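S.K.: Would you mind keeping the following structure in view while I ask a few things?
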Amino acid sequence: MEINPEGLKQYLESIYSGNITDVRIQKLGEGCVGTGFSLDFKVNGKTQRKILKTLFTENLGMDHFSDRAGSLLLAHSHYAKIPNHIASSDVCGITKEGEIISLGNAHEFFILMEEAQGKDMFNDFQRIAKTNLLTDADRKRILQLSDFLVTLHQEKPSQNKASLYKRCLRNIIGGNTSIMSIIDMYPKDVKWVSKEEINQLLQASIHFWITHRFNEKRLCHTHGDFHPGNIWFKDAENFTLLDRSGQTYGEAADDLTAFSVNFIFYSLKERGEFSGAAKEGFDLFWKNYISKTNDTEIVNLAPPFFALRAMVVANPMFYGDDFFGSPENAHKIRSSLFHFALQMVQDGKCDLDNIETYF
């Protein structure tokens with residue numbers, strides 16, 4: 001995607017009252033689904049900074065420009081509906097010539113949003129697993145985030161419950177960002193899992209969908225992508241959320257698995273097993289949530305959501321062999337993650353007290 005600098009300046013002049021100068025755009029980096037840019041400019045001499053994000057043009061159901069438009073328009077509409085989330089300013093279209101225009105004639109799209117302050121939580125997970133130490137500050141943050149989800153998930157929709165819940169469960173298996181779409185991104189000659197094992201996972205997931213799709217009473221307000229890269233702490237206690245994904249309402253297990261799979265992932269990477277401080281943090285997060293919501297049923301809904309997150313962190317497009325230290329170690333950990341997913345979905349529940357048995 002290329003943006004015409006003069007077109008960007010004209011766009012900024014259309015939404016800000018004043019003289020726009022010193023417009024600069026710089027690539028920040030790429031995540032799992034798109035690319036982020038910093039946009040710096042001045043309005044009447046006063047410096048402003050926004051974050052501009054575009055989506056990749058293939059995989060994860062984003063192959064058509066209309067897919068990307070729909071995803072960004074939905075994000076723009078519901079960022080403000082969740083506490084602590086960064087604000088979205090606008091969604092814009094980009095022509096083939098790089099002009100920024102109304103959406104009717106657009107060829108590509110971006111979302112313009114506020115800049116998050118602080119640091120994400122990836123380093124926290126890696127440190128906990130590497131040092132095998134859970135500090136008091138770590139426990140406080142884990143409980144704070146678990147409590148946040150307790151409160152968030154209390155909100156229920158007033159209509160379309162049955163339809164939205166079926167869609168939520170259907171999407172986790174074969175939607176845009178699903179077990180199927182993530183596996184479709186794996187290399188053709190994947191070595192750490194067989195075609196038969198992939199088939200077994202998908203068959204078990206379909207059985208899950210058939211079994212649970214009428215459980216619409218569980219539909220609740222969710223973030224939809226509650227992983228460490230979307231949780232930024234500005235200081236010891238204050239955090240900001242980024243990139244809530246999917247629909248406003250979904251299954252609570254989606255948020256809990258997105259966060260807690262990282263205890264497993266980093267523990268396998270750093271220690272070769274799921275144990276110690278990582279297991280302690282995992283247990284603290286889940287048991288606090290269940291004790292305060294009395295949602296004991298959630299362990300029966302968690303398996304395919306854990307499977308999706310395990311497929312994501314095992315994907316070499318997101319974490320290459322170098323991340324694991326060697327191709328041999330990468331193969332071993334990816335294989336463990338897949339069998340964790342397969343065993344749990346086949347079991348039909350997440351046995352929190354004996355989760356190590358799934359590896």
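Just so we're on the same page: first chain in the structure tokens is A, next is B, and so on; residues restart at 1 for each chain, and ligands are numbered from 1 in the order they show up.
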List the spatial neighbours of segment 135-147 of chain A as a PyMOL selection string - criterion: any atom at most 8 Å away, only C-alpha atoms, same-chain residues fewer than 4 positions off excluded.
M.R.: chain A and resi 124+151+236-237+281+284-286+288-289
S.K.: Include C-alpha atoms and write out the residues we just selected as a short mmCIF file (atom, residue, chain, number, x, y, z; two decimals), in the first residue's frame.
M.R.:
data_model
loop_
_atom_site.label_atom_id
_atom_site.label_comp_id
_atom_site.auth_asym_id
_atom_site.auth_seq_id
_atom_site.Cartn_x
_atom_site.Cartn_y
_atom_site.Cartn_z
CA ASP A 124 6.43 -10.45 31.11
CA THR A 151 -16.63 -7.35 34.73
CA ALA A 236 2.37 -0.80 37.47
CA GLU A 237 -1.43 -0.62 37.50
CA GLY A 281 0.20 -17.71 36.84
CA LEU A 284 -4.22 -17.80 39.33
CA PHE A 285 -5.79 -16.22 36.24
CA TRP A 286 -8.34 -18.98 35.63
CA ASN A 288 -9.85 -16.14 40.08
CA TYR A 289 -12.17 -15.77 37.08
#
S.K.: Residues of segment 222-269 of chain A that have any atom at most 8 Å from an atom of segment 157-169 of chain A: could you tabulate them with the shortest-distance atom pair and the distance in Å to one decimal, using only C-alpha atoms, ordered by chain and increasing number, as a Markdown table?
M.R.:
| residue | atom | partner | partner_atom | distance |
| --- | --- | --- | --- | --- |
| A:Tyr249 | CA | A:Pro157 | CA | 7.2 |
| A:Gly250 | CA | A:Cys168 | CA | 5.7 |
| A:Glu251 | CA | A:Cys168 | CA | 7.0 |
S.K.: Counting only C-alpha atoms, which of A:Ser66, A:Ser335, A:Gln154, A:Ser77 gets nearest to Trp192 of chain A?
M.R.: A:Ser335
S.K.: Using only C-alpha atoms, which of A:Ile210, A:Asn171, A:Gly246, A:Lys217 sits nearest Gly70 of chain A?
M.R.: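 Closest residue, counting only C-alpha atoms: A:Gly246.
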S.K.: So that I can check the secondary structure, give me every residue of segment 83-222 of chain A assigned strand (DSSP E) by backbone DSSP, as a ChimeraX atom specification.
M.R.: /A:88-94,100-101,108-113,119-120,220-221
S.K.: Identify which of the residues A:Ile25, A:Val312, A:Ile82, A:Leu241 lies closest to His221 of chain A, counting only C-alpha atoms when measuring atom-to-atom distances.
M.R.: A:Ile82
S.K.: When you count only C-alpha atoms, which of these residues is closest to Gly34 of chain A: A:Ile182, A:Thr95, A:Asp243, A:Cys220?
M.R.: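 The answer is A:Asp243, which sits nearest to Gly34 of chain A.
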S.K.: Excluding Lys42 of chain A and its own-chain neighbours fewer than 4 positions away, which residues fall within 7 Å of it when counting only C-alpha atoms? Please give them as a JSON list (two decimals) with N, CA and C atoms, in the first residue's frame.
M.R.:
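Result written to around_7.json:
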[["chain", "number", "residue", "atom", "x", "y", "z"],
["A", 20, "ILE", "N", -2.16, 22.41, 8.36],
["A", 20, "ILE", "CA", -1.46, 21.14, 8.52],
["A", 20, "ILE", "C", -0.07, 21.24, 7.90],
["A", 21, "THR", "N", 0.95, 20.95, 8.69],
["A", 21, "THR", "CA", 2.34, 20.98, 8.20],
["A", 21, "THR", "C", 3.11, 19.78, 8.73],
["A", 22, "ASP", "N", 4.30, 19.58, 8.18],
["A", 22, "ASP", "CA", 5.26, 18.56, 8.65],
["A", 22, "ASP", "C", 4.64, 17.17, 8.77],
["A", 46, "LYS", "N", 1.13, 22.81, 16.40],
["A", 46, "LYS", "CA", 1.09, 21.88, 17.53],
["A", 46, "LYS", "C", 1.23, 20.45, 17.03],
["A", 47, "THR", "N", 2.20, 19.72, 17.58],
["A", 47, "THR", "CA", 2.51, 18.37, 17.13],
["A", 47, "THR", "C", 1.40, 17.38, 17.51],
["A", 48, "GLN", "N", 1.04, 16.53, 16.56],
["A", 48, "GLN", "CA", 0.06, 15.48, 16.77],
["A", 48, "GLN", "C", 0.67, 14.15, 16.34]]
S.K.: Please give the complete set of residues from segment 4-253 of chain A that DSSP, run on the backbone, assigns to alpha helix (DSSP H), formatted as a PyMOL selection string.
M.R.: chain A and resi 5-15+65-78+122-131+136-152+161-174+179-184+195-212+252-253
S.K.: Considering only C-alpha atoms, return as a VMD selection string whatever protein or nucleic-acid residues lie within 8 Å of Ile333 of chain A, sequence-local ones (same chain, fewer than 5 positions apart) excluded.
M.R.: chain A and resid 268 to 269 272 314
